[in-house]
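Colleague: Shown below is the structure under consideration.
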Amino acid sequence: MEDIRFQHATPVTHVQEKNPEQKSKHSKRGFASMDPEQQRAISREGGKAAHQQGVAHKFTSEEARAAGKKGGEAVSKNREHMAAIGRKGGTNRGKKKNNVETDNQQ
């Protein structure tokens, strides 16, 4: 008896390759292809059903704090990213400070 794992699949020739000009941006099927408002409506129904069944999870403030701390630790491991955040914050603060000083001078 021949092992099915070692059989070679025959190439499918009836599938037409789409021209890049003919390719649509999104598939016409699935959740991700829906418009955002329709996605929200479906998600809202799922959330309501989960709460009614008692299987939904609501974070306590302690759980949320622990999750935020864990995320912060993960982000802070990337020193380049943290430096970029600090640089951006510093330049924005400087812009705000300059705007306040020019408003006071006028």
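Order determines the names: the first chain of the structure tokens is A, the second B, and so forth; residues in each chain are numbered 1 upward, and ligands are numbered 1 upward as they are shown.
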With a distance cut-off of 12 Å and only C-alpha atoms, select the neighbouring residues of A:Gly47, excluding the residue or stretch itself and same-chain residues fewer than 6 positions from it, and output the selection as an mmCIF file with all heavy atoms, in the first residue's frame.

Modeller:
data_model
loop_
_atom_site.group_PDB
_atom_site.id
_atom_site.type_symbol
_atom_site.label_atom_id
_atom_site.label_comp_id
_atom_site.auth_asym_id
_atom_site.auth_seq_id
_atom_site.Cartn_x
_atom_site.Cartn_y
_atom_site.Cartn_z
ATOM 1 N N ARG A 40 -18.011 46.264 13.236
ATOM 2 C CA ARG A 40 -18.352 46.675 14.600
ATOM 3 C C ARG A 40 -19.697 46.107 15.028
ATOM 4 O O ARG A 40 -19.867 45.680 16.173
ATOM 5 C CB ARG A 40 -18.368 48.202 14.713
ATOM 6 C CG ARG A 40 -17.002 48.797 14.955
ATOM 7 C CD ARG A 40 -17.086 50.259 15.350
ATOM 8 N NE ARG A 40 -17.466 51.116 14.239
ATOM 9 C CZ ARG A 40 -16.634 51.540 13.299
ATOM 10 N NH1 ARG A 40 -15.373 51.178 13.327
ATOM 11 N NH2 ARG A 40 -17.047 52.322 12.345
ATOM 12 N N ALA A 41 -20.671 46.107 14.118
ATOM 13 C CA ALA A 41 -21.997 45.593 14.452
ATOM 14 C C ALA A 41 -21.934 44.103 14.798
ATOM 15 O O ALA A 41 -22.535 43.653 15.781
ATOM 16 C CB ALA A 41 -22.961 45.828 13.289
ATOM 17 N N GLN A 53 -24.046 34.949 28.218
ATOM 18 C CA GLN A 53 -23.701 33.567 28.571
ATOM 19 C C GLN A 53 -22.810 33.502 29.805
ATOM 20 O O GLN A 53 -22.615 32.439 30.379
ATOM 21 C CB GLN A 53 -22.976 32.883 27.412
ATOM 22 C CG GLN A 53 -23.850 32.649 26.208
ATOM 23 C CD GLN A 53 -23.066 32.098 25.034
ATOM 24 O OE1 GLN A 53 -21.856 31.889 25.124
ATOM 25 N NE2 GLN A 53 -23.735 31.869 23.926
ATOM 26 N N GLY A 54 -22.260 34.632 30.208
ATOM 27 C CA GLY A 54 -21.403 34.662 31.383
ATOM 28 C C GLY A 54 -19.981 34.214 31.119
ATOM 29 O O GLY A 54 -19.252 33.872 32.046
ATOM 30 N N VAL A 55 -19.568 34.186 29.864
ATOM 31 C CA VAL A 55 -18.206 33.754 29.537
ATOM 32 C C VAL A 55 -17.294 34.926 29.168
ATOM 33 O O VAL A 55 -16.124 34.735 28.876
ATOM 34 C CB VAL A 55 -18.196 32.709 28.388
ATOM 35 C CG1 VAL A 55 -18.880 31.437 28.824
ATOM 36 C CG2 VAL A 55 -18.836 33.279 27.141
ATOM 37 N N ALA A 56 -17.835 36.151 29.176
ATOM 38 C CA ALA A 56 -17.024 37.322 28.852
ATOM 39 C C ALA A 56 -16.139 37.671 30.043
ATOM 40 O O ALA A 56 -16.482 37.408 31.188
ATOM 41 C CB ALA A 56 -17.921 38.502 28.508
ATOM 42 N N HIS A 57 -15.003 38.258 29.752
ATOM 43 C CA HIS A 57 -14.065 38.606 30.819
ATOM 44 C C HIS A 57 -13.990 40.114 30.942
ATOM 45 O O HIS A 57 -13.787 40.822 29.963
ATOM 46 C CB HIS A 57 -12.670 38.057 30.515
ATOM 47 C CG HIS A 57 -11.668 38.386 31.567
ATOM 48 N ND1 HIS A 57 -11.649 37.762 32.786
ATOM 49 C CD2 HIS A 57 -10.662 39.294 31.587
ATOM 50 C CE1 HIS A 57 -10.667 38.262 33.514
ATOM 51 N NE2 HIS A 57 -10.050 39.197 32.801
ATOM 52 N N LYS A 58 -14.186 40.612 32.141
ATOM 53 C CA LYS A 58 -14.006 42.029 32.406
ATOM 54 C C LYS A 58 -12.747 42.182 33.242
ATOM 55 O O LYS A 58 -12.603 41.549 34.279
ATOM 56 C CB LYS A 58 -15.196 42.600 33.183
ATOM 57 C CG LYS A 58 -16.444 42.736 32.370
ATOM 58 C CD LYS A 58 -17.504 43.465 33.158
ATOM 59 C CE LYS A 58 -18.743 43.651 32.333
ATOM 60 N NZ LYS A 58 -19.773 44.381 33.075
#

Colleague: Mind pulling up the distance from atom CA of A:Ala64 to atom CA of A:Ala50?

Modeller: 19.7 Å

Colleague: Name the residues of stretch 42-94 of chain A that fall into helix (DSSP H, G or I) according to DSSP on the backbone, using the chain letters and numbers of this document, as a ChimeraX atom specification.

Modeller: /A:42-53,61-76,79-94

Colleague: Atoms to include: C-alpha atoms. Write the selected residues as an mmCIF file, in the first residue's frame.

Modeller:
data_model
loop_
_atom_site.group_PDB
_atom_site.id
_atom_site.type_symbol
_atom_site.label_atom_id
_atom_site.label_comp_id
_atom_site.auth_asym_id
_atom_site.auth_seq_id
_atom_site.Cartn_x
_atom_site.Cartn_y
_atom_site.Cartn_z
ATOM 1 C CA ILE A 42 -21.068 41.906 14.275
ATOM 2 C CA SER A 43 -18.461 42.279 17.030
ATOM 3 C CA ARG A 44 -20.948 44.100 19.233
ATOM 4 C CA GLU A 45 -23.415 41.219 18.905
ATOM 5 C CA GLY A 46 -20.693 38.728 19.837
ATOM 6 C CA GLY A 47 -19.774 40.745 22.896
ATOM 7 C CA LYS A 48 -23.382 40.973 24.031
ATOM 8 C CA ALA A 49 -23.837 37.218 23.586
ATOM 9 C CA ALA A 50 -20.678 36.467 25.570
ATOM 10 C CA HIS A 51 -21.847 38.646 28.455
ATOM 11 C CA GLN A 52 -25.288 37.020 28.430
ATOM 12 C CA GLN A 53 -23.701 33.567 28.571
ATOM 13 C CA SER A 61 -8.071 47.475 37.622
ATOM 14 C CA GLU A 62 -5.348 45.190 39.017
ATOM 15 C CA GLU A 63 -5.422 42.938 35.939
ATOM 16 C CA ALA A 64 -5.342 45.945 33.621
ATOM 17 C CA ARG A 65 -2.398 47.412 35.543
ATOM 18 C CA ALA A 66 -0.487 44.125 35.302
ATOM 19 C CA ALA A 67 -1.177 43.869 31.555
ATOM 20 C CA GLY A 68 -0.025 47.456 31.004
ATOM 21 C CA LYS A 69 3.141 46.838 32.980
ATOM 22 C CA LYS A 70 3.872 43.709 30.950
ATOM 23 C CA GLY A 71 3.372 45.614 27.680
ATOM 24 C CA GLY A 72 5.528 48.479 28.886
ATOM 25 C CA GLU A 73 8.336 46.109 29.774
ATOM 26 C CA ALA A 74 8.154 44.508 26.332
ATOM 27 C CA VAL A 75 8.266 47.868 24.551
ATOM 28 C CA SER A 76 11.076 49.222 26.706
ATOM 29 C CA ARG A 79 16.011 50.917 23.143
ATOM 30 C CA GLU A 80 15.898 52.471 19.666
ATOM 31 C CA HIS A 81 12.115 52.652 19.822
ATOM 32 C CA MET A 82 12.199 54.207 23.296
ATOM 33 C CA ALA A 83 14.748 56.788 22.124
ATOM 34 C CA ALA A 84 12.510 57.695 19.187
ATOM 35 C CA ILE A 85 9.514 58.107 21.508
ATOM 36 C CA GLY A 86 11.511 60.359 23.820
ATOM 37 C CA ARG A 87 12.853 62.408 20.942
ATOM 38 C CA LYS A 88 9.369 62.921 19.532
ATOM 39 C CA GLY A 89 7.976 63.897 22.925
ATOM 40 C CA GLY A 90 10.796 66.345 23.495
ATOM 41 C CA THR A 91 10.344 68.070 20.154
ATOM 42 C CA ASN A 92 6.567 68.305 20.646
ATOM 43 C CA ARG A 93 7.053 69.807 24.087
ATOM 44 C CA GLY A 94 9.484 72.329 22.654
#

Colleague: Rounded to one decimal in Å, what is the spacing between atom CA of A:Thr60 and atom CA of A:Asn78?

Modeller: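 Rounded to one decimal, the two atoms are 28.4 Å apart.
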